[in-house]
file target08.cif (mmCIF, C-alpha atoms and all ligand atoms)
data_run
#
loop_
_atom_site.group_PDB
_atom_site.id
_atom_site.type_symbol
_atom_site.label_atom_id
_atom_site.label_comp_id
_atom_site.auth_asym_id
_atom_site.auth_seq_id
_atom_site.Cartn_x
_atom_site.Cartn_y
_atom_site.Cartn_z
ATOM 1 C CA MET B 22 0.000 0.000 0.000
ATOM 2 C CA ALA B 23 1.457 3.381 -1.004
ATOM 3 C CA ARG B 24 1.857 5.968 1.746
ATOM 4 C CA THR B 25 0.835 9.582 1.331
ATOM 5 C CA GLY B 26 4.223 11.035 2.011
ATOM 6 C CA TYR B 27 6.900 12.201 4.419
ATOM 7 C CA THR B 28 6.978 9.133 6.659
ATOM 8 C CA GLY B 29 9.398 6.193 6.717
ATOM 9 C CA LEU B 30 11.990 6.242 3.918
ATOM 10 C CA SER B 31 10.486 9.378 2.420
ATOM 11 C CA ALA B 32 11.170 11.342 5.633
ATOM 12 C CA ALA B 33 14.477 9.612 6.372
ATOM 13 C CA SER B 34 15.907 10.358 2.911
ATOM 14 C CA TYR B 35 14.558 13.921 2.452
ATOM 15 C CA ASP B 36 17.762 15.600 3.591
ATOM 16 C CA LEU B 37 19.906 13.494 1.255
ATOM 17 C CA TRP B 38 18.519 15.692 -1.512
ATOM 18 C CA PHE B 39 17.134 18.757 0.182
ATOM 19 C CA GLY B 40 19.213 19.145 3.325
ATOM 20 C CA GLY B 41 21.539 21.840 1.934
ATOM 21 C CA GLU B 42 21.198 25.588 2.073
ATOM 22 C CA GLY B 43 21.890 26.343 -1.593
ATOM 23 C CA PHE B 44 18.321 26.569 -2.858
ATOM 24 C CA GLU B 45 17.089 29.650 -4.700
ATOM 25 C CA ASP B 46 14.299 30.421 -2.222
ATOM 26 C CA VAL B 47 16.516 30.774 0.893
ATOM 27 C CA GLU B 48 17.331 34.466 0.488
ATOM 28 C CA PHE B 49 13.821 35.399 -0.608
ATOM 29 C CA TYR B 50 12.109 34.259 2.596
ATOM 30 C CA ARG B 51 15.020 35.468 4.737
ATOM 31 C CA GLU B 52 14.527 38.952 3.311
ATOM 32 C CA ALA B 53 10.744 38.784 3.767
ATOM 33 C CA ILE B 54 11.081 37.775 7.423
ATOM 34 C CA GLY B 55 14.096 39.943 8.232
ATOM 35 C CA SER B 56 12.526 43.168 6.946
ATOM 36 C CA GLY B 57 9.782 43.521 9.545
ATOM 37 C CA GLY B 58 8.233 40.085 8.998
ATOM 38 C CA GLU B 59 8.771 38.642 12.513
ATOM 39 C CA PRO B 60 7.495 36.590 14.090
ATOM 40 C CA ALA B 61 7.150 34.102 11.248
ATOM 41 C CA LEU B 62 5.581 30.685 10.873
ATOM 42 C CA GLU B 63 6.788 28.164 8.309
ATOM 43 C CA ALA B 64 3.818 25.968 7.404
ATOM 44 C CA ALA B 65 4.952 22.490 6.277
ATOM 45 C CA CYS B 66 8.465 23.165 7.608
ATOM 46 C CA GLY B 67 9.625 19.556 7.197
ATOM 47 C CA THR B 68 13.169 18.878 8.378
ATOM 48 C CA GLY B 69 13.997 22.559 8.772
ATOM 49 C CA ARG B 70 15.801 23.250 5.482
ATOM 50 C CA LEU B 71 14.905 26.945 5.890
ATOM 51 C CA LEU B 72 13.776 27.121 9.500
ATOM 52 C CA ILE B 73 17.096 26.057 11.009
ATOM 53 C CA PRO B 74 19.301 28.578 9.146
ATOM 54 C CA TYR B 75 16.796 31.343 9.929
ATOM 55 C CA VAL B 76 16.709 30.493 13.649
ATOM 56 C CA ARG B 77 20.503 30.248 13.616
ATOM 57 C CA ASP B 78 20.556 33.799 12.175
ATOM 58 C CA GLY B 79 18.456 35.013 15.094
ATOM 59 C CA LEU B 80 15.122 35.295 13.276
ATOM 60 C CA ASP B 81 11.962 34.567 15.260
ATOM 61 C CA VAL B 82 10.514 31.678 13.226
ATOM 62 C CA GLU B 83 8.355 28.734 14.328
ATOM 63 C CA GLY B 84 7.570 25.619 12.304
ATOM 64 C CA LEU B 85 4.467 23.544 11.736
ATOM 65 C CA ASP B 86 4.176 20.210 9.925
ATOM 66 C CA ARG B 87 1.875 17.232 10.012
ATOM 67 C CA SER B 88 4.693 14.650 9.843
ATOM 68 C CA ARG B 89 6.044 13.642 13.244
ATOM 69 C CA GLU B 90 9.061 12.054 11.555
ATOM 70 C CA MET B 91 10.009 15.166 9.566
ATOM 71 C CA LEU B 92 9.674 17.280 12.736
ATOM 72 C CA GLU B 93 11.786 14.812 14.709
ATOM 73 C CA ILE B 94 14.620 15.141 12.179
ATOM 74 C CA CYS B 95 14.275 18.933 12.351
ATOM 75 C CA ARG B 96 14.419 18.867 16.154
ATOM 76 C CA ARG B 97 17.512 16.627 16.173
ATOM 77 C CA LYS B 98 19.329 18.870 13.689
ATOM 78 C CA ALA B 99 18.483 21.959 15.731
ATOM 79 C CA GLU B 100 19.668 20.305 18.948
ATOM 80 C CA SER B 101 22.975 19.281 17.429
ATOM 81 C CA ALA B 102 23.458 22.879 16.250
ATOM 82 C CA GLY B 103 22.704 24.105 19.783
ATOM 83 C CA LEU B 104 19.475 25.839 18.690
ATOM 84 C CA ARG B 105 16.050 25.963 20.311
ATOM 85 C CA VAL B 106 13.199 25.600 17.863
ATOM 86 C CA THR B 107 9.452 25.820 18.392
ATOM 87 C CA LEU B 108 7.712 23.161 16.309
ATOM 88 C CA HIS B 109 4.044 22.240 16.105
ATOM 89 C CA GLN B 110 2.757 18.933 14.816
ATOM 90 C CA ALA B 111 -0.440 19.955 13.044
ATOM 91 C CA ARG B 112 -2.103 20.161 9.666
ATOM 92 C CA MET B 113 -1.968 23.502 7.919
ATOM 93 C CA GLU B 114 -5.684 23.275 7.160
ATOM 94 C CA SER B 115 -6.722 22.916 10.810
ATOM 95 C CA PHE B 116 -4.171 24.362 13.225
ATOM 96 C CA ALA B 117 -4.841 26.636 16.175
ATOM 97 C CA LEU B 118 -1.884 28.399 17.810
ATOM 98 C CA ASP B 119 -2.003 31.031 20.523
ATOM 99 C CA ARG B 120 0.336 33.357 18.629
ATOM 100 C CA LYS B 121 -0.099 35.581 15.587
ATOM 101 C CA PHE B 122 2.553 36.037 12.923
ATOM 102 C CA ARG B 123 3.653 38.793 10.582
ATOM 103 C CA THR B 124 4.776 36.210 8.012
ATOM 104 C CA ILE B 125 3.352 32.791 7.223
ATOM 105 C CA TYR B 126 5.185 31.082 4.382
ATOM 106 C CA VAL B 127 4.725 27.676 2.733
ATOM 107 C CA PRO B 128 7.915 26.885 0.766
ATOM 108 C CA PHE B 129 8.631 24.378 -2.008
ATOM 109 C CA GLY B 130 5.055 24.344 -3.314
ATOM 110 C CA SER B 131 3.848 22.408 -0.262
ATOM 111 C CA PHE B 132 0.544 24.271 -0.412
ATOM 112 C CA MET B 133 -0.178 22.326 -3.610
ATOM 113 C CA LEU B 134 -0.257 19.125 -1.532
ATOM 114 C CA LEU B 135 -3.688 20.300 -0.362
ATOM 115 C CA ALA B 136 -5.237 18.854 -3.502
ATOM 116 C CA ASP B 137 -8.777 19.071 -2.233
ATOM 117 C CA ALA B 138 -10.507 22.478 -2.609
ATOM 118 C CA THR B 139 -12.009 22.406 0.879
ATOM 119 C CA GLU B 140 -8.576 21.704 2.427
ATOM 120 C CA ALA B 141 -6.953 24.526 0.456
ATOM 121 C CA THR B 142 -9.661 27.009 1.499
ATOM 122 C CA ALA B 143 -9.504 25.860 5.115
ATOM 123 C CA ALA B 144 -5.715 26.349 5.152
ATOM 124 C CA LEU B 145 -6.005 29.894 3.771
ATOM 125 C CA ARG B 146 -8.634 30.733 6.407
ATOM 126 C CA CYS B 147 -6.407 29.287 9.103
ATOM 127 C CA PHE B 148 -3.420 31.318 7.856
ATOM 128 C CA ARG B 149 -5.502 34.487 7.851
ATOM 129 C CA ALA B 150 -6.719 33.858 11.384
ATOM 130 C CA HIS B 151 -3.075 33.604 12.501
ATOM 131 C CA LEU B 152 -1.843 36.797 10.815
ATOM 132 C CA ALA B 153 -0.947 39.789 12.957
ATOM 133 C CA ASP B 154 -2.006 43.258 11.749
ATOM 134 C CA GLY B 155 -0.107 44.079 8.578
ATOM 135 C CA GLY B 156 1.061 40.477 8.282
ATOM 136 C CA ARG B 157 1.237 38.540 5.023
ATOM 137 C CA VAL B 158 1.321 35.038 3.646
ATOM 138 C CA LEU B 159 3.825 33.921 1.023
ATOM 139 C CA ILE B 160 2.728 30.946 -1.069
ATOM 140 C CA PRO B 161 4.822 29.711 -4.006
ATOM 141 C CA LEU B 162 2.965 27.792 -6.726
ATOM 142 C CA HIS B 163 4.037 26.288 -10.024
ATOM 143 C CA HIS B 164 2.708 24.648 -13.163
ATOM 144 C CA PRO B 165 4.185 21.144 -13.122
ATOM 145 C CA TRP B 166 4.016 20.430 -16.865
ATOM 146 C CA ARG B 167 6.134 23.445 -17.867
ATOM 147 C CA HIS B 168 9.579 22.400 -19.132
ATOM 148 C CA ASP B 169 11.128 25.824 -18.556
ATOM 149 C CA ILE B 170 11.130 25.424 -14.754
ATOM 150 C CA GLY B 171 12.797 22.016 -14.750
ATOM 151 C CA VAL B 172 10.052 20.016 -13.077
ATOM 152 C CA ALA B 173 8.340 18.693 -16.197
ATOM 153 C CA PRO B 174 7.258 15.099 -15.707
ATOM 154 C CA ALA B 175 8.179 12.107 -17.814
ATOM 155 C CA PRO B 176 5.430 11.047 -20.231
ATOM 156 C CA SER B 177 2.429 9.597 -18.425
ATOM 157 C CA GLY B 178 2.913 6.270 -16.780
ATOM 158 C CA GLU B 179 6.692 5.885 -17.086
ATOM 159 C CA TRP B 180 8.911 5.377 -14.069
ATOM 160 C CA ARG B 181 12.108 7.377 -14.154
ATOM 161 C CA LEU B 182 15.012 7.681 -11.770
ATOM 162 C CA ARG B 183 14.621 11.108 -10.183
ATOM 163 C CA ARG B 184 17.285 11.182 -7.463
ATOM 164 C CA VAL B 185 20.133 9.086 -6.141
ATOM 165 C CA ALA B 186 22.443 9.593 -3.158
ATOM 166 C CA THR B 187 24.750 7.690 -0.825
ATOM 167 C CA ARG B 188 23.538 7.562 2.757
ATOM 168 C CA PRO B 189 26.452 8.811 4.894
ATOM 169 C CA GLU B 190 25.772 6.622 7.946
ATOM 170 C CA ASP B 191 26.064 3.239 6.165
ATOM 171 C CA GLU B 192 27.099 4.046 2.570
ATOM 172 C CA ALA B 193 23.862 2.501 1.273
ATOM 173 C CA ILE B 194 22.634 3.826 -2.078
ATOM 174 C CA VAL B 195 19.196 5.440 -1.911
ATOM 175 C CA ARG B 196 17.258 5.905 -5.130
ATOM 176 C CA CYS B 197 14.002 7.712 -5.701
ATOM 177 C CA TYR B 198 11.973 6.819 -8.806
ATOM 178 C CA GLU B 199 9.011 8.869 -9.901
ATOM 179 C CA ARG B 200 5.996 8.303 -12.105
ATOM 180 C CA THR B 201 3.820 11.298 -12.839
ATOM 181 C CA THR B 202 0.451 11.692 -14.439
ATOM 182 C CA LEU B 203 -1.340 14.961 -15.101
ATOM 183 C CA ASP B 204 -5.082 15.505 -14.999
ATOM 184 C CA PHE B 205 -5.615 18.762 -16.873
ATOM 185 C CA ASP B 206 -9.355 18.849 -16.179
ATOM 186 C CA ARG B 207 -8.910 18.777 -12.420
ATOM 187 C CA GLN B 208 -5.463 20.479 -12.463
ATOM 188 C CA ILE B 209 -4.004 17.621 -10.446
ATOM 189 C CA GLN B 210 -0.523 16.175 -10.748
ATOM 190 C CA GLN B 211 -0.355 12.672 -9.302
ATOM 191 C CA VAL B 212 3.148 11.605 -8.372
ATOM 192 C CA ARG B 213 4.010 8.056 -7.403
ATOM 193 C CA LEU B 214 7.386 7.816 -5.706
ATOM 194 C CA ARG B 215 9.361 4.655 -5.097
ATOM 195 C CA PHE B 216 12.243 4.796 -2.642
ATOM 196 C CA GLU B 217 14.799 1.976 -2.782
ATOM 197 C CA VAL B 218 17.764 1.358 -0.494
ATOM 198 C CA SER B 219 20.496 -0.866 -1.966
ATOM 199 C CA ARG B 220 23.518 -2.507 -0.427
ATOM 200 C CA GLY B 221 26.004 -4.539 -2.460
ATOM 201 C CA GLY B 222 23.782 -4.120 -5.528
ATOM 202 C CA GLU B 223 20.711 -5.609 -3.809
ATOM 203 C CA VAL B 224 17.562 -3.729 -2.856
ATOM 204 C CA VAL B 225 17.182 -4.227 0.911
ATOM 205 C CA GLU B 226 14.320 -1.839 1.594
ATOM 206 C CA SER B 227 11.702 -0.046 -0.469
ATOM 207 C CA GLN B 228 8.614 2.097 -0.075
ATOM 208 C CA GLU B 229 6.001 3.565 -2.373
ATOM 209 C CA ASP B 230 4.316 6.905 -1.788
ATOM 210 C CA VAL B 231 1.642 8.702 -3.702
ATOM 211 C CA GLN B 232 1.129 12.460 -3.714
ATOM 212 C CA ARG B 233 -1.532 14.589 -5.366
ATOM 213 C CA LEU B 234 -0.693 18.201 -6.102
ATOM 214 C CA ARG B 235 -3.188 20.821 -7.255
ATOM 215 C CA TRP B 236 -1.905 23.551 -9.559
ATOM 216 C CA TYR B 237 -3.556 26.959 -10.039
ATOM 217 C CA GLU B 238 -3.834 29.757 -12.545
ATOM 218 C CA GLN B 239 -2.928 33.131 -11.044
ATOM 219 C CA ALA B 240 -6.452 34.579 -11.331
ATOM 220 C CA GLU B 241 -7.934 31.449 -9.808
ATOM 221 C CA PHE B 242 -5.677 31.587 -6.754
ATOM 222 C CA ALA B 243 -6.360 35.311 -6.309
ATOM 223 C CA CYS B 244 -10.088 34.424 -6.100
ATOM 224 C CA LEU B 245 -9.392 31.689 -3.555
ATOM 225 C CA LEU B 246 -7.483 34.179 -1.394
ATOM 226 C CA ALA B 247 -10.300 36.744 -1.661
ATOM 227 C CA ALA B 248 -12.856 34.078 -0.694
ATOM 228 C CA ALA B 249 -10.756 33.265 2.384
ATOM 229 C CA GLY B 250 -10.901 36.931 3.438
ATOM 230 C CA PHE B 251 -7.578 38.304 2.144
ATOM 231 C CA GLU B 252 -7.916 41.925 1.087
ATOM 232 C CA ARG B 253 -4.896 42.264 -1.155
ATOM 233 C CA ALA B 254 -2.883 39.745 -3.134
ATOM 234 C CA ASP B 255 -0.018 40.079 -5.589
ATOM 235 C CA ALA B 256 1.645 37.429 -7.692
ATOM 236 C CA LEU B 257 5.439 37.803 -7.875
ATOM 237 C CA GLU B 258 7.856 36.085 -10.207
ATOM 238 C CA ALA B 259 9.664 33.380 -8.215
ATOM 239 C CA TYR B 260 11.952 34.251 -6.319
ATOM 240 C CA THR B 261 11.981 37.986 -6.910
ATOM 241 C CA TRP B 262 9.972 41.007 -5.801
ATOM 242 C CA GLU B 263 8.903 41.687 -9.394
ATOM 243 C CA PRO B 264 5.317 41.117 -10.612
ATOM 244 C CA ALA B 265 4.793 37.695 -12.158
ATOM 245 C CA ALA B 266 4.440 37.506 -15.918
ATOM 246 C CA PRO B 267 0.859 36.499 -16.826
ATOM 247 C CA ASP B 268 2.125 33.201 -18.287
ATOM 248 C CA SER B 269 4.631 32.540 -15.496
ATOM 249 C CA ALA B 270 5.157 28.869 -14.610
ATOM 250 C CA SER B 271 6.484 29.596 -11.114
ATOM 251 C CA PHE B 272 5.106 32.441 -9.027
ATOM 252 C CA ILE B 273 4.623 33.438 -5.397
ATOM 253 C CA PHE B 274 1.453 34.865 -3.967
ATOM 254 C CA VAL B 275 1.932 37.535 -1.331
ATOM 255 C CA ALA B 276 -1.343 38.287 0.422
ATOM 256 C CA GLY B 277 -2.550 40.111 3.485
HETATM 257 C C1 LIG D 301 8.388 19.243 0.203
HETATM 258 S S1 LIG D 301 8.344 19.124 1.984
HETATM 259 C C2 LIG D 301 8.826 20.786 2.355
HETATM 260 C C3 LIG D 301 9.593 20.901 3.654
HETATM 261 C C4 LIG D 301 10.239 22.259 3.914
HETATM 262 N N1 LIG D 301 9.277 23.346 3.976
HETATM 263 C C5 LIG D 301 11.256 22.574 2.852
HETATM 264 O O1 LIG D 301 11.053 23.571 2.147
HETATM 265 O O2 LIG D 301 12.244 21.839 2.718
HETATM 266 C C6 LIG D 301 6.607 19.093 2.273
HETATM 267 C C7 LIG D 301 6.220 19.048 3.728
HETATM 268 O O3 LIG D 301 4.809 19.295 3.814
HETATM 269 C C8 LIG D 301 4.310 18.576 4.922
HETATM 270 N N2 LIG D 301 2.862 18.501 4.765
HETATM 271 C C9 LIG D 301 2.176 17.882 3.776
HETATM 272 N N3 LIG D 301 0.860 18.077 3.954
HETATM 273 C C10 LIG D 301 0.713 18.836 5.068
HETATM 274 C C11 LIG D 301 -0.412 19.373 5.757
HETATM 275 N N4 LIG D 301 -1.643 19.161 5.319
HETATM 276 N N5 LIG D 301 -0.182 20.117 6.865
HETATM 277 C C12 LIG D 301 1.079 20.332 7.318
HETATM 278 N N6 LIG D 301 2.175 19.825 6.710
HETATM 279 C C13 LIG D 301 2.001 19.107 5.594
HETATM 280 C C14 LIG D 301 5.040 17.248 4.815
HETATM 281 O O4 LIG D 301 4.967 16.511 6.013
HETATM 282 C C15 LIG D 301 6.438 17.711 4.441
HETATM 283 O O5 LIG D 301 7.242 17.887 5.569
#
call {"tool": "encode", "arguments": {"input": "target08.cif", "output": "structure tokens"}}
result
Amino acid sequence: MARTGYTGLSAASYDLWFGGEGFEDVEFYREAIGSGGEPALEAACGTGRLLIPYVRDGLDVEGLDRSREMLEICRRKAESAGLRVTLHQARMESFALDRKFRTIYVPFGSFMLLADATEATAALRCFRAHLADGGRVLIPLHHPWRHDIGVAPAPSGEWRLRRVATRPEDEAIVRCYERTTLDFDRQIQQVRLRFEVSRGGEVVESQEDVQRLRWYEQAEFACLLAAAGFERADALEAYTWEPAAPDSASFIFVAG
């Protein structure tokens, strides 16, 4: 039975590929938070790819994620760096915290994992309820079939090797295969992921996950934000402060 993501091998191998600090979004959110955007909440913070460097830099940032295992990895990394982090295990569509934030951000397109319209609307309402006066949400979105942003899927139904890395603790080879299908009527990308751990050329452990991601047109997402009570919303070109081109494949909504 396929899992729905970010548990088991999926959580344990996340940092093999995404644990570094060299991603193009790091400076964007740092600037947003550092220029009057504290305190901040990272929704779907995972293993702390962004949260930990920001806390290390003295920024007031908390994290929220539904995966206990991803949060546990985040907590361990923070502890070994001598940092205190505030983490909440909760779903972004139904959390209730006793603090309000000037920035709520949802990096790496994680908002798209809320494939169901009621979940997406509930999350936006929840974000709005947790915004301090003058606060804003930052939500990056992309169109998964567009080749120009490097995430175009293989033709429907084909497995392809997406990532491979050597696990430092035991030198095992970890591979991640992906099979993507696109439903253009419902604007849903379904991604099946197969994780395989090999030692001495033999697969010793494997796991299958399935994820559904909902993509949006800019005008459509602006309407969703308005329906959730946001008064202003701008689409920016990722990861800049410039307005998004109307046909942009990767944009960030900033709303308050
Ligand atoms: C691609 S990872 C992103 C992690 C981190 N923000 C980063 O940029 O590296 C997606 C994360 O979303 C979390 N997630 C998925 N659905 C969620 C939900 N409904 N509520 C909260 N977290 C969720 C997963 O557990 C996972 O940690």
call {"tool": "resolve_selection", "arguments": {"input": "target08.cif", "expression": "the PyMOL selection byres (((chain B and resi 36) around 12) and not hetatm)", "output": "count of residues only"}}
result
29
call {"tool": "residues_around", "arguments": {"input": "target08.cif", "residues": "Arg96 (chain B)", "least_positions_apart": "3", "cutoff": "8 Å", "atoms": "all atoms listed in the file", "output": "number ranges by chain"}}
result
B: 68, 92-93, 99-100, 106, 108
call {"tool": "residues_near_ligand", "arguments": {"input": "target08.cif", "ligand": "ligand LIG 301 (chain D)", "cutoff": "9 Å", "atoms": "all atoms listed in the file", "output": "PDB file with C-alpha atoms, in the coordinates of the input"}}
result
ATOM      1  CA  THR B  25       0.835   9.582   1.331  1.00  0.00           C
ATOM      2  CA  GLY B  26       4.223  11.035   2.011  1.00  0.00           C
ATOM      3  CA  TYR B  27       6.900  12.201   4.419  1.00  0.00           C
ATOM      4  CA  THR B  28       6.978   9.133   6.659  1.00  0.00           C
ATOM      5  CA  ALA B  32      11.170  11.342   5.633  1.00  0.00           C
ATOM      6  CA  TYR B  35      14.558  13.921   2.452  1.00  0.00           C
ATOM      7  CA  ASP B  36      17.762  15.600   3.591  1.00  0.00           C
ATOM      8  CA  PHE B  39      17.134  18.757   0.182  1.00  0.00           C
ATOM      9  CA  GLY B  40      19.213  19.145   3.325  1.00  0.00           C
ATOM     10  CA  ASP B  46      14.299  30.421  -2.222  1.00  0.00           C
ATOM     11  CA  GLU B  63       6.788  28.164   8.309  1.00  0.00           C
ATOM     12  CA  ALA B  64       3.818  25.968   7.404  1.00  0.00           C
ATOM     13  CA  ALA B  65       4.952  22.490   6.277  1.00  0.00           C
ATOM     14  CA  CYS B  66       8.465  23.165   7.608  1.00  0.00           C
ATOM     15  CA  GLY B  67       9.625  19.556   7.197  1.00  0.00           C
ATOM     16  CA  THR B  68      13.169  18.878   8.378  1.00  0.00           C
ATOM     17  CA  GLY B  69      13.997  22.559   8.772  1.00  0.00           C
ATOM     18  CA  ARG B  70      15.801  23.250   5.482  1.00  0.00           C
ATOM     19  CA  LEU B  71      14.905  26.945   5.890  1.00  0.00           C
ATOM     20  CA  LEU B  72      13.776  27.121   9.500  1.00  0.00           C
ATOM     21  CA  GLY B  84       7.570  25.619  12.304  1.00  0.00           C
ATOM     22  CA  LEU B  85       4.467  23.544  11.736  1.00  0.00           C
ATOM     23  CA  ASP B  86       4.176  20.210   9.925  1.00  0.00           C
ATOM     24  CA  ARG B  87       1.875  17.232  10.012  1.00  0.00           C
ATOM     25  CA  SER B  88       4.693  14.650   9.843  1.00  0.00           C
ATOM     26  CA  ARG B  89       6.044  13.642  13.244  1.00  0.00           C
ATOM     27  CA  GLU B  90       9.061  12.054  11.555  1.00  0.00           C
ATOM     28  CA  MET B  91      10.009  15.166   9.566  1.00  0.00           C
ATOM     29  CA  LEU B  92       9.674  17.280  12.736  1.00  0.00           C
ATOM     30  CA  GLN B 110       2.757  18.933  14.816  1.00  0.00           C
ATOM     31  CA  ALA B 111      -0.440  19.955  13.044  1.00  0.00           C
ATOM     32  CA  ARG B 112      -2.103  20.161   9.666  1.00  0.00           C
ATOM     33  CA  MET B 113      -1.968  23.502   7.919  1.00  0.00           C
ATOM     34  CA  GLU B 114      -5.684  23.275   7.160  1.00  0.00           C
ATOM     35  CA  SER B 115      -6.722  22.916  10.810  1.00  0.00           C
ATOM     36  CA  PHE B 116      -4.171  24.362  13.225  1.00  0.00           C
ATOM     37  CA  TYR B 126       5.185  31.082   4.382  1.00  0.00           C
ATOM     38  CA  VAL B 127       4.725  27.676   2.733  1.00  0.00           C
ATOM     39  CA  PRO B 128       7.915  26.885   0.766  1.00  0.00           C
ATOM     40  CA  PHE B 129       8.631  24.378  -2.008  1.00  0.00           C
ATOM     41  CA  GLY B 130       5.055  24.344  -3.314  1.00  0.00           C
ATOM     42  CA  SER B 131       3.848  22.408  -0.262  1.00  0.00           C
ATOM     43  CA  PHE B 132       0.544  24.271  -0.412  1.00  0.00           C
ATOM     44  CA  MET B 133      -0.178  22.326  -3.610  1.00  0.00           C
ATOM     45  CA  LEU B 134      -0.257  19.125  -1.532  1.00  0.00           C
ATOM     46  CA  LEU B 135      -3.688  20.300  -0.362  1.00  0.00           C
ATOM     47  CA  GLU B 140      -8.576  21.704   2.427  1.00  0.00           C
ATOM     48  CA  ALA B 141      -6.953  24.526   0.456  1.00  0.00           C
ATOM     49  CA  ALA B 144      -5.715  26.349   5.152  1.00  0.00           C
TER      50      ALA B 144
END
call {"tool": "closest_atom_pairs", "arguments": {"input": "target08.cif", "of": "region 93-201 of chain B", "to": "region 49-62 of chain B", "cutoff": "10 Å", "atoms": "all atoms listed in the file", "output": "JSON lines"}}
result
{"residue": "B:Thr107", "atom": "CA", "partner": "B:Leu62", "partner_atom": "CA", "distance": 9.8}
{"residue": "B:Leu108", "atom": "CA", "partner": "B:Leu62", "partner_atom": "CA", "distance": 9.5}
{"residue": "B:Arg120", "atom": "CA", "partner": "B:Pro60", "partner_atom": "CA", "distance": 9.1}
{"residue": "B:Lys121", "atom": "CA", "partner": "B:Pro60", "partner_atom": "CA", "distance": 7.8}
{"residue": "B:Phe122", "atom": "CA", "partner": "B:Pro60", "partner_atom": "CA", "distance": 5.1}
{"residue": "B:Arg123", "atom": "CA", "partner": "B:Gly58", "partner_atom": "CA", "distance": 5.0}
{"residue": "B:Thr124", "atom": "CA", "partner": "B:Ala61", "partner_atom": "CA", "distance": 4.5}
{"residue": "B:Ile125", "atom": "CA", "partner": "B:Leu62", "partner_atom": "CA", "distance": 4.8}
{"residue": "B:Tyr126", "atom": "CA", "partner": "B:Leu62", "partner_atom": "CA", "distance": 6.5}
{"residue": "B:Val127", "atom": "CA", "partner": "B:Leu62", "partner_atom": "CA", "distance": 8.7}
{"residue": "B:Pro128", "atom": "CA", "partner": "B:Tyr50", "partner_atom": "CA", "distance": 8.7}
{"residue": "B:Phe148", "atom": "CA", "partner": "B:Leu62", "partner_atom": "CA", "distance": 9.5}
{"residue": "B:His151", "atom": "CA", "partner": "B:Leu62", "partner_atom": "CA", "distance": 9.3}
{"residue": "B:Leu152", "atom": "CA", "partner": "B:Ala61", "partner_atom": "CA", "distance": 9.4}
{"residue": "B:Ala153", "atom": "CA", "partner": "B:Pro60", "partner_atom": "CA", "distance": 9.1}
{"residue": "B:Gly155", "atom": "CA", "partner": "B:Gly58", "partner_atom": "CA", "distance": 9.3}
{"residue": "B:Gly156", "atom": "CA", "partner": "B:Gly58", "partner_atom": "CA", "distance": 7.2}
{"residue": "B:Arg157", "atom": "CA", "partner": "B:Gly58", "partner_atom": "CA", "distance": 8.2}
{"residue": "B:Val158", "atom": "CA", "partner": "B:Leu62", "partner_atom": "CA", "distance": 9.5}
{"residue": "B:Leu159", "atom": "CA", "partner": "B:Tyr50", "partner_atom": "CA", "distance": 8.4}
call {"tool": "atom_distance", "arguments": {"input": "target08.cif", "atom1": "CA of Gln208 (chain B)", "atom2": "CA of Arg233 (chain B)"}}
result
10.0 Å
call {"tool": "axis_aligned_box", "arguments": {"input": "target08.cif", "around": "region 146-150 of chain B", "padding_each_side": "4 Å", "output": "lines of an AutoDock Vina configuration file"}}
result
center_x = -6.0
center_y = 31.9
center_z = 8.9
size_x = 13.2
size_y = 13.2
size_z = 13.0
call {"tool": "closest_residue", "arguments": {"input": "target08.cif", "among": "B:Leu80, B:Ile209, B:Ala138, B:Val275", "to": "Gln232 (chain B)", "atoms": "only C-alpha atoms"}}
result
B:Ile209
call {"tool": "atom_distance", "arguments": {"input": "target08.cif", "atom1": "CA of Gln210 (chain B)", "atom2": "CA of His163 (chain B)"}}
result
11.1 Å
call {"tool": "residues_around", "arguments": {"input": "target08.cif", "residues": "region 254-257 of chain B", "least_positions_apart": "3", "cutoff": "12 Å", "atoms": "only C-alpha atoms", "output": "PyMOL selection string"}}
result
chain B and resi 49+157-163+237-251+260-277
call {"tool": "residues_around", "arguments": {"input": "target08.cif", "residues": "Leu203 (chain B)", "least_positions_apart": "2", "cutoff": "9 Å", "atoms": "all atoms listed in the file", "output": "NGL selection string"}}
result
:B and (165-166 or 174 or 177 or 201 or 205-212)
call {"tool": "resolve_selection", "arguments": {"input": "target08.cif", "expression": "the PyMOL selection byres (((chain B and resi 215-217) around 7) and not hetatm)", "output": "ChimeraX atom specification"}}
result
/B:30,195-199,213-214,218-219,224,226-230
call {"tool": "closest_residue", "arguments": {"input": "target08.cif", "among": "B:Glu252, B:Glu48, B:Glu192, B:Glu83", "to": "Gly222 (chain B)", "atoms": "all atoms listed in the file"}}
result
B:Glu192
call {"tool": "closest_residue", "arguments": {"input": "target08.cif", "among": "B:Val76, B:Val225, B:Val82, B:Ala143", "to": "Leu104 (chain B)", "atoms": "all atoms listed in the file"}}
result
B:Val76
call {"tool": "atom_distance", "arguments": {"input": "target08.cif", "atom1": "CA of Ala193 (chain B)", "atom2": "CA of Arg181 (chain B)"}}
result
20.0 Å
